[in-house]
Structure formats: structure tokens, C-alpha cells
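Notes to accompany the following structure.
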Amino acid sequence: MSALPKTAFIDPTGHNRADIEALLHQAIALLIEEMTQADARSPLPEPIATEQFEQWAQIPEQSVDSEVLLGWVRSQLKSSMNAAHPGYMGHMDSIPTTLSVIGDLLVAALNNNMLSVEMSPVFSRLEQLVMQQIAARFGLGASAGGVMVSGGSLANLQALTVARNVAFNAVDTGIVGLKGQPVFFVSEVAHTSMQKAAMMMGLGAKSAIPLRTNKNSQIEIEDFKAKLAQSLRQGQLPFAVVATAGTTVTGSIDPIEQIAAIAHSHQLWLHVDAAYGGALAFSPDHRHLLSGISQANSVTFNPQKWLYVAKTCAVVLFKQFELLDQYFRIRAPYMGEDTQWPNLGELTVQGTRHPDILKLWLSLQHVGTAGYAEIIRHNYEITTQFVEAVKARPILELASEPQMNLVCFRLAPETVSAEECDRLNSQLQSYLLTGHSAQSDSSSADHLERASAPVFLSLPTYRGRRWLKAVLLNPYTQPSTLEKLFKAVDEFVQAQGLD
Ligand SMILES: Cc1ncc(COP(=O)(O)O)c(C=O)c1O
């Protein structure tokens, strides 16, 4: 096999051990060099030139030397989204736990498959046991359990599919021929995976009926009652309601207890999308914010967000795990059967699946619940400082009163039009990141000398306007990071003559 590089595989008899060791050392050295200096790169560094991509995209006939490849990867790392930077606050992404990075490397080398117990004998069992422990943290009861999936969107899809299958006994014959339109209710600011799920389930995206939210982005119970009554009057077939614990833009939590009471009295399945906020189950100080979640029939939770496990790492939990057997499972006759443990590929949308459980389990073991509680406490302290800084400046406006570590705010000078206001916030976003108030325009009026470190805030459209969103996840974001950020906001306001 002369065309193959010596290190193409790790020889199971150890013949290329020295070469493999050398290559892994180089890769680890690169990782350490880049990640221990992540704060020296911008949260969103300069993009790579198109010509460079054209070179990389070529599929070569002959092996490219691993040193050349690591050099290319170094350039890619340097220009990538840099979530480890303490000023990276734009999205629900952050620095991963060290043990989750190590876990991913090790399971990639092992290459087990979560499809069946025989293909991942240790990780299939471990996943089931850890899922039961996490379900217990949400108070879902003794019959609860769950499965891991690649992201919150798949978790929401699976939960709603099970809800539909239970409501209409739809596993074998689907929903064709029903006397009415199956619908479910979601917050108007719920994640778009709800519409995706409705579309994929054959119901049509419009069957995810949006519920109005109050000024703090929480479902208005009166609107839920009214829309439910209207839906029943119209002969629709409501089967579920979704409460969100941690909305994507403002981190708001719906009134889960009140929603659960209505769901219960109308035999609706209650799904809680706690993709983000589920981490509060690990915080003795804040877990009360999830009150009511124990009544959920299913819960989505993404440890890849606030538990800092490397992506992807998400779970979907069920109060009655055995429902999956009747209402989701499609058996794979080509797999060996284990009498005690299910083949997880029969219980999830995905067949072949990465053993995400190792990095989750390693992170939980290594950080410990006390460690997570401490990080979450720190995040809340930083958030309080952030909110106080916003409230201290009359020119700034909060989108809603934060319940978690997300702050959505904007510059809202009274004297400017709505469009001008949007433009100003976009310029402020750019200024905080680059020191320029407009990326494409470096005319002198737009070029200010920002005195502080770069910060990346995202610019979501929310209630029809542009806002700046900060997700205060990074454990290395310090009070001084925020002091510099607000100093830069003040500089911008002054330079624009808005003060
Ligand atoms: C509330 C909520 N639900 C679901 C999702 C979807 O998760 P994923 O991107 O992992 O599919 C997100 C993503 O940000 C989210 O914020």
C-alpha cells in the first residue's frame, strides 16, 4: 500500500506507534498553542481569502503531508469563530470542558456505534444510566429515561413525534384520514425547530400555533386558553403544548406550572424545551426557576450549551420512557438483541450515532455538580452587573427582564427613527468587535479608536427590530470585561453625538 501515508491508520499491532505518537504530539501542540492564546485572537477573527479555500477544496490524488495539513488547520483555527474568547458573547456557544475535548478524541479513535448494544456495549449502558440520572434532576419520576441526539432540534422533533404517535396511535398508519387537523401550541418566540418538527411530521409548519408572549417574552396564559378554545371550536385536534425554558433570544422561561395545569386538564402532552435553561437543574440557587418541569411528558436539554460539553451533545427525556417502545421503536432485525438494554438506534431518529455520552459523562464527573453550580452562580453575577450597566444608561433599553444569563438590549435614542435606530445598533455591534462602526465604510466619521478589547454581540431581529444580544456563558468573562465593554458603548454614544 505504497500510496498510503504511514500514519493513515493507527496500526493495531503497534508497528507505526512512533509515527503516530509524533503526529499526535504535533496535533496536541497545535491545540495547546491556539487554545491557550485564544484571547489574543478576536472573537470573530478575519475571514480567510477565497483563493485559499479554492486550494483547500481540491481533493488530491496523492497524500498531502500531515505537517502541511496541520499548517492548514492552524490557519483555519486562527480564522474560526473563537468561542473561548472572554468577549465572545453573541450566541449560546462557549468554551468546552477539557474532558469533553479529550472524550471526543478517544471515542473517535475507538469508533463505536450507538446504533446497538453489541456495537457500543459500554456506552449504550452508560447513556441509559446517565439519562435516568439527568431525568431525575428534572424530577421526572422513577419511570423516566431518555436518549441522546445530535442537537436540540432533533430532540424537539422526537419528543413531538412521540406526542403525536401517542395521541393518534400513529406509528403504523400515520395521521392520514384523521377527522381534524392535529395542532400543538408553542410560544411565538419558541425556537424554529418547532415549525421544522411540524413540517417534518407531515402536519405543516402552521400546525405549530404561536402563542402571544408578554413583555418578558413568556407565554400569556390567557392567550393559550383562548387559542386552545378556538382550536377546539374549529374542530382541530390539539395534542401538545410546548413551554420553553430559556428562549433563544432573551433566555425567558414560560410559566411551566400554569401551562402544565391546562395541558393536564385537556389531555395535552407537555413538552418543555429546556435546551438552554435545563442546566439550571444543576444549580441549587436557581433550579426553582424551572418549577413545573417535573410535570412534563418530555424535556429537551442541550448539555452542549450551559454545561459546556463539546458539540454536539443533546438529550431528549421522557417521563414514561417505556412509551418509546410502543410509540417510536422500529426494530432492526439485523442487530443482536440484548435482553436488558435496548439497541438505542431503534429508539432514535438517527441510526449510527457518535457516543456523545463519553464527553458528557466525563464532564459531569470532572466538573462535578458543585463545579457547575459555581459556574452558573458566576454567570448570574456577571449578568447582574451587565443588567445594572444597561439600566444605568437611559439611552439603552432592555428587550425583557433577564431570567438567565442572556441580556438582549439596544441603543434606543428617542430622537431617531426606527430604521435609524436599527442602523445605529448594527454600527455599535461592529464598533464593539472591530473598533469600526461600519465594516464596509472606513470613512473618518465612522472610524473611532476603540480603547478596549473586542466583544462580539449578536444582532437578532426581535419584535421586528434589531437588538444586541449577550450570552454571558464564558467562565473567563470577568467584571473588567464588562467595564471595558460599557466604556466602549459610552465612547460610541459620545462619538455619534447621542449623549
Ligand atoms: C430554545 C432552543 N431550543 C432548541 C434549539 C435547537 O438546538 P440545536 O441547535 O442544538 O438543534 C435551540 C438552539 O439554540 C434553542 O435555543
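Ligands are numbered from 1 in the order shown, residues from 1 within each chain, and chains are lettered A, B, ... in the order they appear in the C-alpha cells.
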
Distance filter 6 Å around ligand 1, atoms: only C-alpha atoms and all ligand atoms, out as a PDB file with C-alpha atoms, in the first residue's frame:
ATOM      1  CA  GLY A 151     -28.851  18.715  18.920  1.00  0.00           C
ATOM      2  CA  GLY A 152     -31.966  20.267  20.379  1.00  0.00           C
ATOM      3  CA  SER A 153     -33.825  20.369  17.050  1.00  0.00           C
ATOM      4  CA  HIS A 191     -37.156  28.024  18.617  1.00  0.00           C
ATOM      5  CA  GLY A 246     -34.647  29.631  28.057  1.00  0.00           C
ATOM      6  CA  THR A 247     -35.845  31.264  24.840  1.00  0.00           C
ATOM      7  CA  THR A 248     -33.221  31.675  22.153  1.00  0.00           C
ATOM      8  CA  ASP A 273     -37.812  22.840  25.524  1.00  0.00           C
ATOM      9  CA  ALA A 275     -32.331  23.145  25.518  1.00  0.00           C
ATOM     10  CA  TYR A 276     -30.697  26.130  27.161  1.00  0.00           C
TER      11      TYR A 276
END

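Neighbouring residues of region 219-225 of chain A at 6 Å or closer, counting only C-alpha atoms and skipping chain neighbours under 4 positions away, are Ser187, Arg212, Thr213, Asn214 and Asp254 of chain A.
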
Notebook entry, point to check: What is the distance, in Å and to one decimal place, between CA of Ser217 (chain A) and CA of Ala245 (chain A)?
Noted result: 11.1 Å

Next item on the list: Kindly indicate which residue among A:Ile48, A:Ala495, A:Val183, A:Met81 lies nearest to Gln230 (chain A), using only C-alpha atoms for the distances.
Entry: A:Val183

Item checked: Contacts of region 9-13 of chain A at 12 Å (only C-alpha atoms; same-chain gap of 4+ positions) as an MDAnalysis selection string -> chainID A and resid 4:5 17:21 23:24 109:110

Can you pull out every residue within 8 Å of Ser94 (chain A), counting only C-alpha atoms, but drop anything in the same chain fewer than 5 positions away, and send it as a PDB file with N, CA and C atoms, in the first residue's frame?
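Output contents, as saved in part_4.pdb:
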ATOM      1  N   ALA A  83     -14.987  30.897  20.318  1.00  0.00           N
ATOM      2  CA  ALA A  83     -15.908  30.936  21.471  1.00  0.00           C
ATOM      3  C   ALA A  83     -15.174  30.960  22.811  1.00  0.00           C
ATOM      4  N   ALA A  84     -13.878  30.638  22.800  1.00  0.00           N
ATOM      5  CA  ALA A  84     -13.126  30.642  24.059  1.00  0.00           C
ATOM      6  C   ALA A  84     -12.795  32.074  24.503  1.00  0.00           C
ATOM      7  N   TYR A  88     -16.432  36.769  23.577  1.00  0.00           N
ATOM      8  CA  TYR A  88     -17.376  36.108  22.680  1.00  0.00           C
ATOM      9  C   TYR A  88     -18.684  35.928  23.440  1.00  0.00           C
ATOM     10  N   LYS A 305     -24.783  23.428  25.619  1.00  0.00           N
ATOM     11  CA  LYS A 305     -24.887  24.861  25.839  1.00  0.00           C
ATOM     12  C   LYS A 305     -24.324  25.193  27.231  1.00  0.00           C
ATOM     13  N   TYR A 308     -21.412  23.212  28.911  1.00  0.00           N
ATOM     14  CA  TYR A 308     -20.070  23.360  28.326  1.00  0.00           C
ATOM     15  C   TYR A 308     -19.510  22.062  27.752  1.00  0.00           C
ATOM     16  N   LEU A 473     -21.896  33.359  29.092  1.00  0.00           N
ATOM     17  CA  LEU A 473     -21.596  31.964  29.396  1.00  0.00           C
ATOM     18  C   LEU A 473     -20.147  31.736  29.804  1.00  0.00           C
ATOM     19  N   ASN A 474     -19.268  32.486  29.190  1.00  0.00           N
ATOM     20  CA  ASN A 474     -17.850  32.149  29.333  1.00  0.00           C
ATOM     21  C   ASN A 474     -17.378  32.341  30.779  1.00  0.00           C
TER      22      ASN A 474
END

Item checked: Distance criterion (only C-alpha atoms): nearest to Gly278 (chain A) out of A:Tyr476, A:Tyr372, A:Phe138, A:Trp341 ->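 Ranked by minimum distance to Gly278 (chain A), first place goes to A:Phe138.
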
Notebook entry, point to check: Near Ala470 (chain A), counting only C-alpha atoms, which residues have an atom at most 7 Å away, once you skip same-chain residues fewer than 5 positions from it, shown as a PyMOL selection string?
Noted result: chain A and resi 89-90+406-408+457

Produce a file of the selected residues containing N, CA and C atoms, as a compact mmCIF listing (two decimals), in the first residue's frame.
# COMPACT_ATOMS: atom_id res chain seq x y z
N MET A 89 -19.69 36.71 23.10
CA MET A 89 -20.96 36.65 23.85
C MET A 89 -22.16 36.55 22.93
N GLY A 90 -21.92 36.41 21.63
CA GLY A 90 -23.03 36.58 20.69
C GLY A 90 -24.07 35.48 20.71
N LEU A 406 -28.75 35.71 29.70
CA LEU A 406 -28.85 36.33 28.39
C LEU A 406 -29.39 37.75 28.59
N VAL A 407 -28.73 38.71 27.94
CA VAL A 407 -29.22 40.08 28.03
C VAL A 407 -29.40 40.59 26.61
N CYS A 408 -30.62 40.97 26.31
CA CYS A 408 -30.93 41.47 24.97
C CYS A 408 -31.30 42.95 25.16
N LEU A 457 -21.17 40.72 20.15
CA LEU A 457 -22.58 40.56 20.50
C LEU A 457 -23.31 40.25 19.19

Considering only C-alpha atoms, give me a table of residues in region 189-307 of chain A that are at most 10 Å from region 376-384 of chain A, with the closest atom pair and distance in Å for each, as JSON lines.
{"residue": "A:Ala279", "atom": "CA", "partner": "A:Ile376", "partner_atom": "CA", "distance": 8.5}
{"residue": "A:Leu280", "atom": "CA", "partner": "A:Ile376", "partner_atom": "CA", "distance": 7.9}
{"residue": "A:Phe282", "atom": "CA", "partner": "A:Ile376", "partner_atom": "CA", "distance": 8.5}
{"residue": "A:Ser283", "atom": "CA", "partner": "A:Ile376", "partner_atom": "CA", "distance": 6.8}
{"residue": "A:Pro284", "atom": "CA", "partner": "A:Arg377", "partner_atom": "CA", "distance": 9.6}
{"residue": "A:Asp285", "atom": "CA", "partner": "A:Arg377", "partner_atom": "CA", "distance": 7.6}
{"residue": "A:His286", "atom": "CA", "partner": "A:Arg377", "partner_atom": "CA", "distance": 8.6}
{"residue": "A:Trp306", "atom": "CA", "partner": "A:Ile376", "partner_atom": "CA", "distance": 8.3}
{"residue": "A:Leu307", "atom": "CA", "partner": "A:Ile376", "partner_atom": "CA", "distance": 9.2}

Checklist line | Nearest to Ser437 (chain A) by atom-to-atom distance, counting only C-alpha atoms, from A:His85, A:Arg423, A:Lys311, A:Arg137 | finding: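 Among the listed residues, A:Arg423 lies closest to Ser437 (chain A).
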
Next item on the list: Could you pull out the residues in region 173-349 of chain A that DSSP calls alpha helix (DSSP H) from the backbone, as a VMD selection string?
Entry: chain A and resid 193 to 200 221 to 233 256 to 265 303 to 306 323 to 327

Margin query: Just list as a VMD selection string whatever in region 115-163 of chain A DSSP marks as strand (DSSP E).
Written below: chain A and resid 145 to 149
